[in-house]
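run35.pdb, holding PDB, C-alpha atoms:
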ATOM      1  CA  MET A  29       0.000   0.000   0.000
ATOM      2  CA  ASP A  30       2.863   2.370   0.760
ATOM      3  CA  ASN A  31       5.082   1.201  -2.091
ATOM      4  CA  ASN A  32       6.457   3.912  -4.392
ATOM      5  CA  VAL A  33       4.762   2.419  -7.480
ATOM      6  CA  ILE A  34       1.355   1.958  -5.855
ATOM      7  CA  GLU A  35       1.398   5.401  -4.212
ATOM      8  CA  HIS A  36       2.308   7.074  -7.494
ATOM      9  CA  LEU A  37      -0.297   5.211  -9.546
ATOM     10  CA  ALA A  38      -3.057   5.836  -6.994
ATOM     11  CA  ARG A  39      -2.257   9.551  -6.936
ATOM     12  CA  ARG A  40      -2.034   9.889 -10.715
ATOM     13  CA  PHE A  41      -5.219   7.889 -11.391
ATOM     14  CA  ALA A  42      -7.064   9.948  -8.745
ATOM     15  CA  GLU A  43      -5.805  13.163 -10.366
ATOM     16  CA  ALA A  44      -7.308  11.871 -13.618
ATOM     17  CA  GLY A  45     -10.711  11.583 -11.905
ATOM     18  CA  ASN A  46     -10.699   7.888 -10.963
ATOM     19  CA  VAL A  47     -11.643   6.374  -7.641
ATOM     20  CA  THR A  48      -8.640   4.488  -6.258
ATOM     21  CA  LEU A  49      -8.219   2.149  -3.324
ATOM     22  CA  ARG A  50      -4.977   0.952  -1.745
ATOM     23  CA  PHE A  51      -5.014  -1.485   1.140
ATOM     24  CA  ASN A  52      -2.747  -3.586   3.334
ATOM     25  CA  TYR A  53      -3.141  -7.305   3.742
ATOM     26  CA  ALA A  54      -3.614  -8.647   7.270
ATOM     27  CA  GLY A  55      -0.354  -8.472   9.206
ATOM     28  CA  VAL A  56       1.175  -5.790   6.968
ATOM     29  CA  GLY A  57       1.685  -2.285   8.267
ATOM     30  CA  GLY A  58      -0.865  -1.629  10.989
ATOM     31  CA  SER A  59      -3.361  -4.208   9.724
ATOM     32  CA  PRO A  60      -4.285  -6.727  12.412
ATOM     33  CA  LEU A  61      -3.632 -10.433  12.015
ATOM     34  CA  GLU A  62      -4.705 -13.096  14.492
ATOM     35  CA  LEU A  63      -1.979 -15.694  14.902
ATOM     36  CA  PRO A  64      -1.180 -18.491  17.318
ATOM     37  CA  THR A  65       0.927 -17.235  20.236
ATOM     38  CA  ASP A  66       4.036 -19.013  18.912
ATOM     39  CA  SER A  67       3.849 -17.376  15.479
ATOM     40  CA  THR A  68       4.729 -13.937  14.089
ATOM     41  CA  PRO A  69       3.522 -12.090  10.995
ATOM     42  CA  PHE A  70       6.965 -12.775   9.525
ATOM     43  CA  ASP A  71       6.392 -16.541  10.039
ATOM     44  CA  TYR A  72       2.908 -16.293   8.547
ATOM     45  CA  TRP A  73       4.041 -14.476   5.421
ATOM     46  CA  GLY A  74       7.116 -16.698   5.137
ATOM     47  CA  ARG A  75       4.876 -19.790   4.994
ATOM     48  CA  ILE A  76       2.643 -18.208   2.383
ATOM     49  CA  GLU A  77       5.641 -17.289   0.246
ATOM     50  CA  ALA A  78       7.276 -20.707   0.648
ATOM     51  CA  GLU A  79       4.058 -22.501  -0.332
ATOM     52  CA  GLN A  80       3.193 -19.926  -3.001
ATOM     53  CA  ASP A  81      -0.441 -20.377  -2.092
ATOM     54  CA  TYR A  82      -1.842 -16.914  -1.734
ATOM     55  CA  ARG A  83      -5.456 -17.971  -1.239
ATOM     56  CA  ALA A  84      -5.056 -17.473   2.535
ATOM     57  CA  VAL A  85      -4.965 -13.694   1.972
ATOM     58  CA  LEU A  86      -7.552 -13.638  -0.801
ATOM     59  CA  PRO A  87     -10.319 -12.641   1.679
ATOM     60  CA  ASP A  88      -8.504  -9.314   2.187
ATOM     61  CA  ALA A  89      -8.572  -8.625  -1.559
ATOM     62  CA  ILE A  90     -12.218  -9.731  -1.778
ATOM     63  CA  ALA A  91     -13.185  -7.377   1.055
ATOM     64  CA  ALA A  92     -11.384  -4.469  -0.640
ATOM     65  CA  ARG A  93     -13.081  -5.252  -3.953
ATOM     66  CA  GLU A  94     -16.520  -5.479  -2.303
ATOM     67  CA  TYR A  95     -15.980  -2.152  -0.568
ATOM     68  CA  LEU A  96     -14.957  -0.505  -3.827
ATOM     69  CA  ALA A  97     -17.938  -2.006  -5.676
ATOM     70  CA  ARG A  98     -20.279  -0.522  -3.038
ATOM     71  CA  ILE A  99     -18.925   3.007  -3.396
ATOM     72  CA  LEU A 100     -18.605   3.123  -7.185
ATOM     73  CA  ALA A 101     -21.393   4.534  -9.289
ATOM     74  CA  PRO A 102     -23.243   1.942 -11.381
ATOM     75  CA  GLY A 103     -21.559   1.360 -14.716
ATOM     76  CA  HIS A 104     -18.180   2.620 -13.501
ATOM     77  CA  ALA A 105     -15.330   0.514 -14.913
ATOM     78  CA  LEU A 106     -13.544  -1.603 -12.330
ATOM     79  CA  VAL A 107      -9.808  -2.071 -12.822
ATOM     80  CA  TYR A 108      -7.459  -4.238 -10.788
ATOM     81  CA  VAL A 109      -3.899  -2.947 -10.814
ATOM     82  CA  GLY A 110      -1.440  -5.128  -8.957
ATOM     83  CA  TYR A 111       2.263  -4.638  -8.483
ATOM     84  CA  SER A 112       4.541  -7.657  -7.862
ATOM     85  CA  PHE A 113       2.772  -9.691  -5.133
ATOM     86  CA  GLY A 114      -0.296  -7.564  -5.827
ATOM     87  CA  SER A 115      -0.348  -8.818  -9.420
ATOM     88  CA  CYS A 116      -0.656 -12.376  -8.053
ATOM     89  CA  MET A 117      -3.531 -11.269  -5.851
ATOM     90  CA  ALA A 118      -5.253  -9.275  -8.599
ATOM     91  CA  THR A 119      -5.115 -12.355 -10.825
ATOM     92  CA  LEU A 120      -6.552 -14.571  -8.088
ATOM     93  CA  LEU A 121      -9.260 -12.015  -7.444
ATOM     94  CA  THR A 122     -10.394 -12.189 -11.079
ATOM     95  CA  GLU A 123     -11.453 -15.792 -10.402
ATOM     96  CA  HIS A 124     -13.736 -14.547  -7.602
ATOM     97  CA  ALA A 125     -15.078 -11.401  -9.243
ATOM     98  CA  GLY A 126     -13.672 -10.209 -12.528
ATOM     99  CA  PRO A 127     -12.841  -6.592 -13.276
ATOM    100  CA  ASP A 128     -13.269  -4.750 -16.556
ATOM    101  CA  TYR A 129      -9.468  -4.509 -16.905
ATOM    102  CA  LEU A 130      -6.509  -6.196 -15.226
ATOM    103  CA  ALA A 131      -3.007  -4.727 -15.037
ATOM    104  CA  ALA A 132      -0.075  -6.736 -13.673
ATOM    105  CA  ILE A 133       3.060  -4.724 -12.965
ATOM    106  CA  SER A 134       6.253  -6.729 -12.406
ATOM    107  CA  PRO A 135       4.428 -10.049 -12.159
ATOM    108  CA  PRO A 136       6.821 -12.457 -10.412
ATOM    109  CA  VAL A 137       6.557 -15.147 -13.096
ATOM    110  CA  SER A 138       9.976 -16.527 -12.173
ATOM    111  CA  ARG A 139       8.542 -17.462  -8.758
ATOM    112  CA  VAL A 140       4.783 -17.947  -9.178
ATOM    113  CA  LYS A 141       2.563 -19.637 -11.744
ATOM    114  CA  PHE A 142      -0.198 -17.316 -12.894
ATOM    115  CA  GLU A 143      -2.670 -20.108 -13.641
ATOM    116  CA  GLY A 144      -5.738 -17.901 -13.128
ATOM    117  CA  LEU A 145      -4.944 -15.938 -16.269
ATOM    118  CA  ALA A 146      -6.240 -18.776 -18.460
ATOM    119  CA  SER A 147      -9.781 -17.712 -17.586
ATOM    120  CA  CYS A 148      -9.258 -13.946 -18.091
ATOM    121  CA  ARG A 149     -11.512 -12.670 -20.842
ATOM    122  CA  MET A 150     -11.045  -9.018 -19.912
ATOM    123  CA  PRO A 151      -8.170  -6.980 -21.352
ATOM    124  CA  VAL A 152      -4.920  -7.683 -19.485
ATOM    125  CA  CYS A 153      -1.819  -5.490 -19.532
ATOM    126  CA  PHE A 154       1.589  -6.493 -18.236
ATOM    127  CA  VAL A 155       4.219  -3.897 -17.400
ATOM    128  CA  THR A 156       7.736  -5.248 -16.906
ATOM    129  CA  GLY A 157      11.175  -3.762 -16.477
ATOM    130  CA  GLU A 158      14.253  -4.705 -18.439
ATOM    131  CA  LYS A 159      16.324  -5.243 -15.280
ATOM    132  CA  ASP A 160      13.565  -6.803 -13.164
ATOM    133  CA  PHE A 161      14.913  -9.746 -11.166
ATOM    134  CA  VAL A 162      11.495 -11.488 -11.255
ATOM    135  CA  PHE A 163      11.067 -11.054 -15.004
ATOM    136  CA  GLU A 164      12.033 -14.254 -16.753
ATOM    137  CA  PRO A 165      11.324 -14.048 -20.511
ATOM    138  CA  GLU A 166      10.469 -17.731 -21.080
ATOM    139  CA  GLY A 167       8.243 -17.956 -18.015
ATOM    140  CA  PHE A 168       6.615 -14.704 -19.008
ATOM    141  CA  ARG A 169       5.917 -15.973 -22.523
ATOM    142  CA  GLU A 170       3.992 -18.912 -21.003
ATOM    143  CA  THR A 171       2.061 -16.534 -18.770
ATOM    144  CA  TYR A 172       1.329 -14.141 -21.618
ATOM    145  CA  ASP A 173       0.283 -16.882 -24.024
ATOM    146  CA  ALA A 174      -2.147 -18.292 -21.447
ATOM    147  CA  VAL A 175      -4.312 -15.155 -21.559
ATOM    148  CA  PRO A 176      -7.193 -15.890 -23.964
ATOM    149  CA  GLY A 177      -8.581 -12.340 -24.127
ATOM    150  CA  PRO A 178      -7.041  -9.095 -25.339
ATOM    151  CA  LYS A 179      -3.541  -8.719 -23.958
ATOM    152  CA  PHE A 180      -0.813  -6.142 -23.922
ATOM    153  CA  HIS A 181       2.790  -6.030 -22.798
ATOM    154  CA  VAL A 182       4.831  -2.912 -22.109
ATOM    155  CA  HIS A 183       8.495  -3.602 -21.383
ATOM    156  CA  LEU A 184      10.274  -0.565 -19.953
ATOM    157  CA  ASP A 185      13.942  -0.329 -20.875
ATOM    158  CA  GLY A 186      16.330   0.464 -18.050
ATOM    159  CA  CYS A 187      13.789  -0.238 -15.275
ATOM    160  CA  ASP A 188      14.272  -2.703 -12.459
ATOM    161  CA  HIS A 189      11.653  -4.387 -10.285
ATOM    162  CA  PHE A 190      11.181  -1.356  -8.050
ATOM    163  CA  PHE A 191      10.830   1.336 -10.760
ATOM    164  CA  ARG A 192      12.530   3.886  -8.495
ATOM    165  CA  LYS A 193      12.308   7.306 -10.114
ATOM    166  CA  GLU A 194      10.469   5.629 -13.019
ATOM    167  CA  GLU A 195       6.973   5.543 -11.490
ATOM    168  CA  GLU A 196       5.625   8.041 -14.014
ATOM    169  CA  ARG A 197       6.765   5.768 -16.858
ATOM    170  CA  VAL A 198       4.645   2.984 -15.345
ATOM    171  CA  TYR A 199       1.643   5.307 -15.192
ATOM    172  CA  GLN A 200       2.195   6.464 -18.773
ATOM    173  CA  ALA A 201       2.496   2.809 -19.867
ATOM    174  CA  LEU A 202      -0.889   1.964 -18.307
ATOM    175  CA  ARG A 203      -2.815   5.075 -19.318
ATOM    176  CA  PRO A 204      -3.379   4.148 -22.991
ATOM    177  CA  PHE A 205      -4.402   0.625 -21.961
ATOM    178  CA  LEU A 206      -7.044   1.914 -19.567
ATOM    179  CA  THR A 207      -8.388   4.491 -21.997
ATOM    180  CA  GLY A 208      -8.660   1.979 -24.863
ATOM    181  CA  ALA A 209      -5.989   3.733 -26.934
ATOM    182  CA  MET A 210      -3.611   0.749 -26.916
ATOM    183  CA  ALA A 211      -3.845  -1.959 -29.559
ATOM    184  CA  PRO A 212      -3.424  -5.581 -28.420
ATOM    185  CA  GLY A 213       0.183  -6.708 -28.573
ATOM    186  CA  LYS A 214       1.770  -9.650 -30.249
ATOM    187  CA  GLY A 215       3.581 -10.626 -27.077
ATOM    188  CA  PRO A 216       7.031 -10.407 -25.626
TER     189      PRO A 216
END

Spit out the file's structure as structure tokens when you get a sec.
Amino acid sequence: MDNNVIEHLARRFAEAGNVTLRFNYAGVGGSPLELPTDSTPFDYWGRIEAEQDYRAVLPDAIAAREYLARILAPGHALVYVGYSFGSCMATLLTEHAGPDYLAAISPPVSRVKFEGLASCRMPVCFVTGEKDFVFEPEGFRETYDAVPGPKFHVHLDGCDHFFRKEEERVYQALRPFLTGAMAPGKGP
């Protein structure tokens, strides 16, 4: 929620007149998390990462989505934008309740299988950085090819996983996708 990429995108999309929502998962930041007395949030998140089964935190994403759906005007487009771990969660969330658009920034395809993308019929945009340690071209090709609906890929030269001082480039990469000005890509 307080990541440089997410903060920048939320601010820029809000400036453009969109409703935005950032949230923490349970146990992150000040968000409460009930754990056994012999466990810590670090242990909890370590297990989730080791197992690569993020469904345990899906209820947090579902609750955020339901809140946003309640406050949006009818007919308002719903877009999931996830960065890194958030792109995993946004993809999982599409299986529960699909958005109108899905954007995955720095999807960690070298670490996680994005199996939920095979059912995505909405437009999907991937934003990756040239020097991103989680970007693995062959794994990404599999992920990209699995998307049956309209898909786009923007690869930003010179950017790493964290997009430090390049946040505006990420926003500019997503803007044409979300306004319908971007033509579907042929892939990586």

- Message: Could you tell me, as JSON, numbers by chain, exactly which residues end up selected when the PyMOL selection byres ((chain A and resi 40) around 12) is applied to this structure?
- Response: {"A": [33, 34, 35, 36, 37, 38, 39, 41, 42, 43, 44, 45, 46, 47, 48, 195, 196, 197, 198, 199, 200, 202, 203]}

- Message: Please determine, counting all atoms listed in the file, which residue among A:Ala105, A:Leu206, A:Leu100, A:Ala91 has the shortest atom-to-atom distance to Cys153 in chain A.
- Response: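 Closest residue, counting all atoms listed in the file: A:Leu206.
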
- Query: Selected by the PyMOL selection byres ((chain A and resi 141-152) around 8) in the shown coordinates: which residues, as a list in words?
  - Reply: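 Output of the PyMOL selection byres ((chain A and resi 141-152) around 8): Cys116, Thr119, Leu120, Thr122, Glu123, Gly126, Pro127, Asp128, Tyr129, Leu130, Ala131, Ala132, Val137, Arg139, Val140, Cys153, Phe154, Thr171, Ala174, Val175, Pro176, Gly177, Pro178, Lys179 and Phe180 of chain A.
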
Write a file of the just-selected residues containing C-alpha atoms, as a PDB file, in the coordinates of the input.
ATOM      1  CA  CYS A 116      -0.656 -12.376  -8.053  1.00  0.00           C
ATOM      2  CA  THR A 119      -5.115 -12.355 -10.825  1.00  0.00           C
ATOM      3  CA  LEU A 120      -6.552 -14.571  -8.088  1.00  0.00           C
ATOM      4  CA  THR A 122     -10.394 -12.189 -11.079  1.00  0.00           C
ATOM      5  CA  GLU A 123     -11.453 -15.792 -10.402  1.00  0.00           C
ATOM      6  CA  GLY A 126     -13.672 -10.209 -12.528  1.00  0.00           C
ATOM      7  CA  PRO A 127     -12.841  -6.592 -13.276  1.00  0.00           C
ATOM      8  CA  ASP A 128     -13.269  -4.750 -16.556  1.00  0.00           C
ATOM      9  CA  TYR A 129      -9.468  -4.509 -16.905  1.00  0.00           C
ATOM     10  CA  LEU A 130      -6.509  -6.196 -15.226  1.00  0.00           C
ATOM     11  CA  ALA A 131      -3.007  -4.727 -15.037  1.00  0.00           C
ATOM     12  CA  ALA A 132      -0.075  -6.736 -13.673  1.00  0.00           C
ATOM     13  CA  VAL A 137       6.557 -15.147 -13.096  1.00  0.00           C
ATOM     14  CA  ARG A 139       8.542 -17.462  -8.758  1.00  0.00           C
ATOM     15  CA  VAL A 140       4.783 -17.947  -9.178  1.00  0.00           C
ATOM     16  CA  CYS A 153      -1.819  -5.490 -19.532  1.00  0.00           C
ATOM     17  CA  PHE A 154       1.589  -6.493 -18.236  1.00  0.00           C
ATOM     18  CA  THR A 171       2.061 -16.534 -18.770  1.00  0.00           C
ATOM     19  CA  ALA A 174      -2.147 -18.292 -21.447  1.00  0.00           C
ATOM     20  CA  VAL A 175      -4.312 -15.155 -21.559  1.00  0.00           C
ATOM     21  CA  PRO A 176      -7.193 -15.890 -23.964  1.00  0.00           C
ATOM     22  CA  GLY A 177      -8.581 -12.340 -24.127  1.00  0.00           C
ATOM     23  CA  PRO A 178      -7.041  -9.095 -25.339  1.00  0.00           C
ATOM     24  CA  LYS A 179      -3.541  -8.719 -23.958  1.00  0.00           C
ATOM     25  CA  PHE A 180      -0.813  -6.142 -23.922  1.00  0.00           C
TER      26      PHE A 180
END

- Message: What's the separation between CA of Ala92 in chain A and CA of Ala118 in chain A, in Å to one decimal place?
- Response: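 So the answer is 11.1 Å.
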
- Item | Interatomic distance, CA of Asp185 in chain A to CA of Gly157 in chain A (Å, one decimal) |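 Here the two named atoms are 6.2 Å from each other.
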
- Task: Counting all atoms listed in the file, figure out which residue out of A:Leu106, A:Ile133, A:Val56, A:Leu121 gets nearest to Tyr82 in chain A.
- Result: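 Comparing A:Leu106, A:Ile133, A:Val56, A:Leu121 against Tyr82 in chain A, the winner is A:Leu121.
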
- Can you tell me, as number ranges by chain, what residues are no more than 6 Å from Glu158 in chain A when counting only C-alpha atoms, ignoring any on the same chain fewer than 2 positions away? A: 160, 184-187

- Task: Kindly give the distance, in Å, that separates CA of Ala125 in chain A and CA of Gln80 in chain A, rounded to a single decimal.
- Result: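 Value for the CA of Ala125 in chain A-CA of Gln80 in chain A distance: 21.1 Å.
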
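Shortest separation to Arg192 in chain A among A:Arg83, A:Ala101, A:Phe70, A:Lys159 occurs at residue A:Lys159, atoms counted being all atoms listed in the file.
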
- Step by step: start from the point (9.7, -12.6, -7.8) in the file's coordinates, keep every protein, DNA or RNA residue that has an atom no farther than 8 Å from it, count only C-alpha atoms, and write the set as a VMD selection string. chain A and resid 112 to 113 135 to 140 161 to 163

Save out the residues we just selected, C-alpha atoms, as a CSV table (one decimal), in the frame of the given file.
chain,number,residue,atom,x,y,z
A,112,SER,CA,4.5,-7.7,-7.9
A,113,PHE,CA,2.8,-9.7,-5.1
A,135,PRO,CA,4.4,-10.0,-12.2
A,136,PRO,CA,6.8,-12.5,-10.4
A,137,VAL,CA,6.6,-15.1,-13.1
A,138,SER,CA,10.0,-16.5,-12.2
A,139,ARG,CA,8.5,-17.5,-8.8
A,140,VAL,CA,4.8,-17.9,-9.2
A,161,PHE,CA,14.9,-9.7,-11.2
A,162,VAL,CA,11.5,-11.5,-11.3
A,163,PHE,CA,11.1,-11.1,-15.0

- Extract, using all atoms listed in the file, all DNA, RNA and protein residues at most 9 Å from range 84-89 of chain A, discarding same-chain residues fewer than 4 positions from it, and format them as a list in words. Phe51, Asn52, Tyr53, Ala54, Ile76, Arg93, Glu94, Met117, Ala118, Leu120 and Leu121 of chain A
